[in-house]
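S.K.: Have a look at the structure that comes next, please.
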Amino acid sequence: MRRVLIGTITFLLGSIATSMAYSQELGPVNGNAEAGAQLYYDHGCHGCHGYSGYGRQDLNNTGSPWLMNVEVFRAFLRARANEAPILPSTSMPNYPQNSLSDEMVNDIYAYIRSLPDNRPETEDIPTLLNILEAAGQREFKK
Amino acid sequence: MNKNNTKDSDRSLPKTDRRKFLKGAATSAAALAISPTAKAQDPSAYNASYTAPSYQQMQRDAGMVTPPEPDTRMVVRPGSDLMVQALKEMGIEFVTSNPGSSFEGIQESIANYGDPPNHLPEFITALHEESSVDMANGYAKSEGRPMVAMLHGTLGIQHASMSIFQAYHTGTPMLLLVGRDVGFIQAHTADDMAAMCRSFTKWDAQPTSLEECIDTLHEAYRQAVTPPTGPVMVVIDIELQKEEAQGFQLPPFRPAVIEGIDAATAKNIAQRLLNANNPRLETGPFRTPEGVESAVQLAELVGASTSTTAVAASMSFPQRHPMCGPGADTNYDFILGLEAASPDITLKRPIVNSLTAERDKMSIGFGSLRENYVPNPPGAEPTPMEEDQRANQGTLLTIDAQASIPIIISELSRLITPEQQRVINERKARHATANREAFLSALADAVEEKKRGWDLSPVSTARLYAELWPLIMNEDWCLASPTNFSGGHHRQLWEHNKPYSFLGTQGAGGMGYGLGASVGAALAARSRGRFVVNVQCDGDLNYAPGALWTAAHHELPMLAVMHNNRAWHQEYMFVQYLAGVRGRGTERGHIGCVLRDPFIDYSKMAESYGVASEGPIEDPTLLAAALNRGVESVKAGKPYLIDVITQPR
């Protein structure tokens with residue numbers, strides 16, 4: 001029952017956030033990005049999202065509805081409590097109030113919003129151009 | 001011999017009574033107080049009690065072992081020479097081990113027997129039995145044939161056991177020779193030493209005579225390479241190694257005969273391939289490079305588009321072969337599975353876990369070893385195979401595909417008509433164009449994906465693979481380490497065209513495998529002009545880093561590039577997730593999961609083992625030049641390690 005309830009709340013939050021993503025600009029940033037960088041590291045965000053927002057799950061420039069404003073972001077962090085899993089999980093953890101205060105969430109949000117884009121144009125990366133060119137020229141040899 | 005020695009020393013014990021014993025003990029104590037050297041030189045000081053250890057035992061326990069007098073046992077033609085000759089005739093290139101006190105006969109024969117000595121097989125010095133077996137694993141995965149890992153008694157088997165367990169999971173053929181010396185240190189021997197690994201070896205034996213030992217070695221090789229392939233173990237008493245062989249003639253080695261499908265089935269398959277408008281081959285890993293060659297020949301003969309597992313494991317279809325890919329038309333009307341599942345006909349060799357129920361005498365019930373068996377919570381039934389999974393298999397023939405393909409090709413050659421040949425040629429041309437476009441399109445998509453975080457410091461794992469590829473693409477390379485923890489970006493960016501391009505995962509997911517397997521692959525590579533790449537996880541390296549010394553000592557062509565993310569990030573997330581679920585401290589998930597305070601300097605570690613190295617490198621703009629230096633070093637025959645600080649995953 002608890003799982004169903006949490007799932008429903010998460011779905012509703014997602015629906016609201018998605019509609020906001022298409023209807024609103026990004027919300028304001030009120031936290032301290034520098035403090036947020038340390039919290040981002042201390043609470044293990046970098047494990048999946050990289051030290052600068054690029055990793056197994058990107059944060060930068062994703063258009064994620066969860067990052068539209070700090071209220072949605074906070075609700076997302078808080079709403080992920082679940083029944084104890086049977087199997088080990090690397091899913092996004094839950095961050096309760098006693099672990100991350102609202103102020104700390106504001107700071108982490110500020111840090112995420114401060115992360116610069118880091119996807120250069122392919123034309124500006126000789127290594128990748130070389131890979132593409134070589135693959136186009138190469139013929140299979142036994 | 002040792003049994004006799006014990007009797008000899010018993011006979012030397014003086015008959016004694018309590019008074020003499022006390023007197024003797026007091027004398028010994030006084031001697032000890034005056035001069036420890038004098039004690040060591042006076043064996044009678046230890047012989048005061050029937051239960052006291054003998055002088056020889058004390059010496060042995062203290063590690064002060066002296067060789068026997070040469071005139072006590074001069075052997076002209078030792079049994080171990082014949083054992084080594086048998087290994088030569090089976091084509092065993094390497095025996096890897098660290099020295100022990102139960103196989104010195106074989107070790108001495110490798111060192112001195114033959115012309116030249118220490119060649120075919122060559123003794124490779126390992127620093128840990130786990131590394132020895134991992135080396136045998138990497139070698140066999142790249143060559144499709146076994147080498148030998150030699151283990152010292154009960155202790156060596158236990159050190160090696162996790163690596164054997166992993167080799168069993170991947171069905172890797174290897175010979176595990178175990179030395180046994182009953183009369184020496186008792187804790188190192190046992191009646192049935194192979195029992196410790198019986199649940200996860202394919203076959204084992206403990207011969208009792210020299211003649212039986214040679215037959216056993218021959219049979220062990222055949223067992224290892226015959227499907228189901230896997231690790232086999234032979235326990236060899238030291239007495240057999242030291243025995244005088246006199247006029248014993250070495251019997252000739254009979255290679256394994258591996259059966260394929262019968263002619264009628266082959267004809268049926270050939271006809272269906274020829275009758276199909278758009279035949280398809282699904283290929284998995286074959287046993288040896290010859291299997292890959294046969295599959296290529298078959299695909300070309302019938303003009304079939306073909307799948308591959310070359311980005312996941314060794315011995316599969318070359319990725320850039322014109323027939324490899326989805327083909328011009330994905331509506332296949334006949335699919336032949338060759339070591340891969342097909343809805344029509346599948347040829348698949350048996351795998352070792354089909355033997356586990358019989359081999360697991362103690363019913364340990366290892367997860368994923370028994371067929372259709374998953375250890376569940378207590379009381380639960382084993383998880384059966386899903387019904388739809390069975391249905392998708394079509395007709396499953398449990399037979400070796402590699403041995404079957406030449407029989408199918410033979411039938412095809414007889415059946416094919418000139419008109420069919422014309423149609424096939426046209427189809428091949430269409431497939432080649434479509435497969436090339438599909439590959440280049442997928443590569444372009446991958447490049448867009450991999451450039452995310454390109455300029456970040458620490459280095460992105462994608463950039464690590466991307467920078468490496470242009471430097472090795474024209475070399476004869478082999479990627480020997482598992483890549484699942486470092487992103488596996490080679491799968492999308494590199495081209496896997498050789499049977500040994502990528503050797504796949506650990507098998508059972510056990511850590512500590514990457515370096516040993518890479519050193520084993522580099523053993524194979526050294527004489528073949530190949531180049532081995534090891535994308536080395538930091539956590540994995542710390543289990544048995546001594547294999548770096550083996551690479552340096554034997555001058556192996558291995559480039560190790562560290563994926564140094566300074567943590568076990570997967571486990572970090574497990575703890576983090578549970579802390580979140582339990583609603584408490586998510587800032588302490590790192591406890592027990594990180595490698596910091598202090599950071600480990602892998603460049604210095606490599607240097608201490610004699611491997612040229614550099615790093616740590618955090619600036620991505622410095623990476624390409626470092627990799628280039630590493631490549632040049634390896635091409636000159638010197639292993640090289642580059643410590644790269646990377647993004648977590």
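Note on naming: chains are A, B, ... as they come in the structure tokens, residues start from 1 per chain, ligands start from 1 in the order shown.
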If we count only C-alpha atoms and set the cut-off at 12 Å, which residues sit around B:Ala446, ignoring sequence neighbours fewer than 5 positions away in its own chain? Please answer as a list in words.

M.R.: Thr122, Leu128, Ile131 and Leu132 of chain A; Phe439, Leu440, Ser441, Lys451, Arg452, Ala462, Arg463, Ala466, His489, His490, Arg491, Gln492, Leu493 and Trp494 of chain B

S.K.: Let me see the file: selected residues, C-alpha atoms, as a PDB file, in the first residue's frame.

M.R.:
```pdb
ATOM      1  CA  THR A 122      32.245  17.362 -32.870  1.00  0.00           C
ATOM      2  CA  LEU A 128      36.401  12.080 -32.686  1.00  0.00           C
ATOM      3  CA  ILE A 131      37.555   8.057 -35.452  1.00  0.00           C
ATOM      4  CA  LEU A 132      34.719   8.864 -37.845  1.00  0.00           C
TER       5      LEU A 132
ATOM      6  CA  PHE B 439      27.891   0.643 -38.585  1.00  0.00           C
ATOM      7  CA  LEU B 440      28.838   4.187 -39.585  1.00  0.00           C
ATOM      8  CA  SER B 441      25.454   5.520 -38.531  1.00  0.00           C
ATOM      9  CA  LYS B 451      31.522  13.819 -26.288  1.00  0.00           C
ATOM     10  CA  ARG B 452      29.453  14.651 -23.214  1.00  0.00           C
ATOM     11  CA  ALA B 462      34.302   7.872 -22.746  1.00  0.00           C
ATOM     12  CA  ARG B 463      37.230  10.157 -23.553  1.00  0.00           C
ATOM     13  CA  ALA B 466      38.108   7.563 -27.498  1.00  0.00           C
ATOM     14  CA  HIS B 489      32.787   2.595 -24.522  1.00  0.00           C
ATOM     15  CA  HIS B 490      34.893   0.442 -26.844  1.00  0.00           C
ATOM     16  CA  ARG B 491      31.701  -1.402 -27.773  1.00  0.00           C
ATOM     17  CA  GLN B 492      30.439   1.626 -29.640  1.00  0.00           C
ATOM     18  CA  LEU B 493      33.720   3.277 -30.704  1.00  0.00           C
ATOM     19  CA  TRP B 494      36.163   0.472 -31.569  1.00  0.00           C
TER      20      TRP B 494
END
```

S.K.: Produce a table with one row for each residue of chain A that has an atom at most 6 Å from any atom of chain B, each row naming the nearest atom pair and its distance in Å at one decimal; use only C-alpha atoms; arrange rows by chain and rising residue number; format as a tab-separated table.

M.R.:
```
residue	atom	partner	partner_atom	distance
A:Asp42	CA	B:Glu587	CA	5.5
A:His43	CA	B:Glu587	CA	4.4
A:Gly47	CA	B:Pro648	CA	5.5
A:Gly50	CA	B:Gln647	CA	5.8
A:Tyr54	CA	B:Gly453	CA	5.7
A:Ala81	CA	B:Val581	CA	5.0
A:Asn82	CA	B:Val581	CA	5.5
A:Pro88	CA	B:Phe574	CA	5.6
A:Ser89	CA	B:Phe574	CA	5.4
A:Thr90	CA	B:Met573	CA	5.1
A:Pro93	CA	B:Tyr577	CA	4.4
A:Asn94	CA	B:Gly580	CA	4.3
A:Tyr95	CA	B:Gly580	CA	5.6
A:Pro96	CA	B:Gly583	CA	5.7
A:Ser99	CA	B:Gly585	CA	5.1
A:Asn118	CA	B:Gly453	CA	4.8
A:Arg119	CA	B:Arg452	CA	4.9
A:Phe140	CA	B:His321	CA	5.6
```

S.K.: Find the residues around B:Phe317 up to 10 Å (only C-alpha atoms counted), leave out those fewer than 3 positions away in its own chain, and share them as a PyMOL selection string.

M.R.: chain B and resi 282-286+289+291-296+299+306-311+314+320-321+323-324+496-499

S.K.: For each of A:Leu67, A:Leu59, A:Val29, A:Leu77, take the minimum atom-to-atom distance to A:Ser101, counting only C-alpha atoms, then give the residue where this is smallest.

M.R.: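 Ranking A:Leu67, A:Leu59, A:Val29, A:Leu77 by distance to A:Ser101, first place goes to A:Leu77.
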
S.K.: Would you list, as a PyMOL selection string, the residues of stretch 211-262 of chain B that end up in helix (DSSP H, G or I) under DSSP run on this structure's backbone?

M.R.: chain B and resi 211-225+238-242

S.K.: Considering only C-alpha atoms, state which residue in the set B:Val178, B:Leu515, B:Ile472, B:Leu541 is at the smallest distance from B:Asp134.

M.R.: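 Of B:Val178, B:Leu515, B:Ile472, B:Leu541, the one nearest B:Asp134 is B:Leu515, counting only C-alpha atoms.
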
S.K.: Work out how far apart atom CA of B:Ile261 and atom CA of B:Gly337 are and give it in Å to one decimal.

M.R.: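 Interatomic distance here is 13.5 Å.
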
S.K.: Quick one: pull the distance between atom CA of B:Ser80 and atom CA of B:Gln246, Å, one decimal.

M.R.: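 Atom CA of B:Gln246 lies 12.3 Å from atom CA of B:Ser80.
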